[in-house]
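Read the structure below first, then the notes.
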Amino acid sequence: MPSPSISNILGFERKLIVGVGGMAVSNDPGVILTTYSLGSCLGITIYDPVSHTGGLLHVMLPDSSINPEKASTQPGMFVDTGVPALFRAAYELKAEKHRIQICVAGGAQFLDQSGFFNIGQRNYASLCELLHQHGLVIQAEQVGGLVSRTVHLNLARGEVRLRSSGQPDETILFRG
Amino acid sequence: MQALDDYINQVTTLQPAPRVLSELLALLRKEDTDSAQIVELITFDPALTAKVLQRCNSVFWSADHPVSDMSEAVGRVGFNEIYRLVALVVGEGVLRHPQAGYRMHGGELWQHSVTCALAARVIAHRLAGDENLVFTAGLLHDIGKMVLSSFLEDAYEPIMNRIEPSGLSFLEAEKSILGVEHAEVGGRLLQRWNFPRNLVYAVGRHHDPASAKPHHQLAAYIYVGDIIAHCLGQAGGLQSFAVRGRPEALEILEITPREMEGFMLEAEAELQAQNWLFQPKK
């Protein structure tokens, strides 16, 4: 996936919004990648501090086998198809695997003993397994809990900020 | 009932009853209803009619061939589409305001309600349920929050203390602090507004569908629609995932967790298709 083309206005940060099942990758340091409304979905950010390449993915479900057709048109819907697509797009912009910093937020959980509604937990488990297979580790995370979250990745320095629903202030998840 | 009515009576900012919805639902269920009766009922309210026609023109066809009257609109897109537009216009009027006690901004309760309604309808469509009824129940399921919001404004600490360490659901925290909870208040409000008994029951017990017998199926549609809306991040507000898992809701509808994931995908696509409903996000 090519970098989104945005007109360059010096001195202004531009916010690029990623929807459910979407992703964006850029190496423009003036850009902030943002995704809203992470319920049980996961927001996964990656950042290479040398090439200043960063990406943000908003995945909804753990496993694309539930709807392979959807996965082919919108790989970002699923952990198993979205994460590889995110990394491939970043590599095209000169990101290198050994430098990549990974942050994760979302995956909220209901008060559910039955496991019938544990989509957030399964998203996270699926992500951890995939990263582990490729020798990758998560730098910072805020996963689970009872809130929806908004995530911002600042491409100038790789800082990741969060806001939880019902709370007025943003917090820093990763300083970059 | 007394406590429920006390809370409802104290809120002076409640909108007038969306009576047109309950009357339309009744008409749609009768076999001998003709379009003239439906048109007459809607056009009784000129402001509503204007908004529905405006929505109708922006959603269903291009600016080249706008409709200018309700009979033509019903003729062109059918009762069901017009009913849902009426429900959306009426629902937005009632539900768009901020709910400070729940830490919900303006539009958040509305967006949650619409997502629940769309998701529940997706499921009802597949299972051959009454889509209009399910859609309406989904739209109005949290209407009790409008009543309780102001009573929870100063209860931030008590709510947090009951949910996080004690493991109560938000609904149980409300009950423990106020003696009533938003689902039963919502059911009572709809009863006072003369909504049909099944809708009253289902909204009143939407957090515990099995207890809503004989209307547990309708309650289960709303419950699963509500869960999907939360999963899609369309909930907002404080501790919004403090909802108890009710696996029996899936059993009532005879769907598996995997099928629910499929409905989530469909609901998300539907939400994208209907994004004209919402103001752009800040």
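Labels used: A, B, ... for chains in the order of the structure tokens, numbers from 1 for residues in each chain, and numbers from 1 for ligands as shown.
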Do you know which residues are at most 8 Å from B:Asp142 counting only C-alpha atoms, after dropping those on the same chain fewer than 6 positions away, and could you put them as a count of residues only? 6
Could you list, as a ChimeraX atom specification, every residue of chain B that has an atom within 10 Å of an atom of chain A, counting only C-alpha atoms? /B:100-105,163-164,167-169,224,227-248,250,256-262,264-265,268-269,272,281
For A:Ile100, which of A:Leu130, A:Ile46, A:Val143, A:Leu153 is the closest residue, counting only C-alpha atoms? A:Ile46
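Coordinates place atom CA of B:Glu266 at a distance of 27.5 Å from atom CA of A:Arg88.
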Taking 3 positions as the minimum chain separation for residues in the same chain, which residues sit within 8 Å of B:Arg84 when counting only C-alpha atoms? Answer as a PyMOL selection string. chain B and resi 80-81+87-88+132+135
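The gap separating atom CA of B:Gly129 from atom CA of B:Pro196 is 16.3 Å, in Å to one decimal.
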Residues within 12 Å of B:Met146, please, as a PyMOL selection string. Count only C-alpha atoms; anything in the same chain fewer than 4 positions from it doesn't count. chain B and resi 7-8+10-15+94-102+104+106+109-110+140-142+150-153+181-183+185-186+189
Only N, CA and C atoms, please: the residues just picked out, written as a tab-separated table (two decimals), in the first residue's frame.
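Writing done, so here's result_6.tsv:
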```
chain	number	residue	atom	x	y	z
B	7	TYR	N	-38.68	8.95	39.32
B	7	TYR	CA	-37.53	9.42	38.53
B	7	TYR	C	-38.00	10.06	37.22
B	8	ILE	N	-38.92	9.39	36.55
B	8	ILE	CA	-39.39	9.91	35.25
B	8	ILE	C	-40.05	11.28	35.44
B	10	GLN	N	-39.52	13.51	37.63
B	10	GLN	CA	-38.61	14.60	38.03
B	10	GLN	C	-37.86	15.21	36.85
B	11	VAL	N	-37.81	14.49	35.74
B	11	VAL	CA	-37.02	15.00	34.61
B	11	VAL	C	-37.91	15.90	33.76
B	12	THR	N	-37.56	17.16	33.72
B	12	THR	CA	-38.42	18.12	33.01
B	12	THR	C	-37.98	18.30	31.57
B	13	THR	N	-36.81	17.75	31.23
B	13	THR	CA	-36.29	18.01	29.89
B	13	THR	C	-36.67	16.90	28.89
B	14	LEU	N	-37.47	15.92	29.33
B	14	LEU	CA	-37.83	14.84	28.40
B	14	LEU	C	-38.62	15.37	27.21
B	15	GLN	N	-38.28	14.85	26.05
B	15	GLN	CA	-38.99	15.22	24.83
B	15	GLN	C	-40.42	14.67	24.90
B	94	VAL	N	-34.87	12.70	19.99
B	94	VAL	CA	-34.95	12.35	21.40
B	94	VAL	C	-33.57	12.05	22.00
B	95	LEU	N	-32.72	11.38	21.21
B	95	LEU	CA	-31.52	10.76	21.80
B	95	LEU	C	-30.19	11.47	21.52
B	96	ARG	N	-30.23	12.60	20.81
B	96	ARG	CA	-28.95	13.17	20.37
B	96	ARG	C	-28.22	13.96	21.46
B	97	HIS	N	-28.89	14.25	22.55
B	97	HIS	CA	-28.30	15.15	23.56
B	97	HIS	C	-27.21	14.46	24.38
B	98	PRO	N	-26.29	15.27	24.97
B	98	PRO	CA	-25.29	14.67	25.85
B	98	PRO	C	-25.94	14.07	27.09
B	99	GLN	N	-25.33	13.04	27.65
B	99	GLN	CA	-25.84	12.43	28.88
B	99	GLN	C	-24.72	12.48	29.91
B	100	ALA	N	-24.66	13.59	30.63
B	100	ALA	CA	-23.49	13.87	31.47
B	100	ALA	C	-23.25	12.80	32.53
B	101	GLY	N	-24.32	12.24	33.09
B	101	GLY	CA	-24.15	11.24	34.14
B	101	GLY	C	-23.43	9.99	33.65
B	102	TYR	N	-23.53	9.75	32.34
B	102	TYR	CA	-22.85	8.60	31.74
B	102	TYR	C	-21.54	9.04	31.05
B	104	MET	N	-21.32	10.83	28.44
B	104	MET	CA	-21.49	10.69	27.00
B	104	MET	C	-21.66	12.07	26.37
B	106	GLY	N	-22.62	14.82	23.28
B	106	GLY	CA	-23.76	14.93	22.37
B	106	GLY	C	-23.53	14.02	21.18
B	109	LEU	N	-24.91	8.80	22.54
B	109	LEU	CA	-26.02	7.88	22.83
B	109	LEU	C	-26.79	7.56	21.54
B	110	TRP	N	-26.91	8.57	20.70
B	110	TRP	CA	-27.61	8.39	19.43
B	110	TRP	C	-26.85	7.41	18.53
B	140	LEU	N	-34.49	2.45	20.76
B	140	LEU	CA	-34.98	3.02	22.02
B	140	LEU	C	-34.47	2.29	23.26
B	141	HIS	N	-33.58	1.30	23.09
B	141	HIS	CA	-33.27	0.42	24.23
B	141	HIS	C	-32.65	1.16	25.42
B	142	ASP	N	-31.90	2.22	25.15
B	142	ASP	CA	-31.23	2.93	26.25
B	142	ASP	C	-31.93	4.23	26.61
B	150	SER	N	-29.10	12.65	34.78
B	150	SER	CA	-28.87	13.79	35.69
B	150	SER	C	-28.68	13.33	37.13
B	151	PHE	N	-29.26	12.17	37.48
B	151	PHE	CA	-29.11	11.68	38.86
B	151	PHE	C	-27.75	11.03	39.10
B	152	LEU	N	-27.02	10.77	38.01
B	152	LEU	CA	-25.71	10.13	38.14
B	152	LEU	C	-24.56	11.12	38.00
B	153	GLU	N	-24.91	12.39	37.73
B	153	GLU	CA	-23.86	13.36	37.44
B	153	GLU	C	-22.84	13.49	38.55
B	181	GLU	N	-32.66	0.98	37.67
B	181	GLU	CA	-31.63	0.97	36.62
B	181	GLU	C	-32.25	1.40	35.28
B	182	HIS	N	-31.37	1.75	34.31
B	182	HIS	CA	-31.85	2.44	33.10
B	182	HIS	C	-32.76	1.56	32.24
B	183	ALA	N	-32.56	0.24	32.25
B	183	ALA	CA	-33.39	-0.61	31.40
B	183	ALA	C	-34.85	-0.59	31.88
B	185	VAL	N	-36.28	1.63	33.79
B	185	VAL	CA	-36.83	2.98	33.62
B	185	VAL	C	-37.27	3.18	32.17
B	186	GLY	N	-36.43	2.70	31.23
B	186	GLY	CA	-36.77	2.82	29.81
B	186	GLY	C	-38.05	2.07	29.48
B	189	LEU	N	-40.97	4.00	30.78
B	189	LEU	CA	-41.22	5.20	29.97
B	189	LEU	C	-41.98	4.81	28.69
```
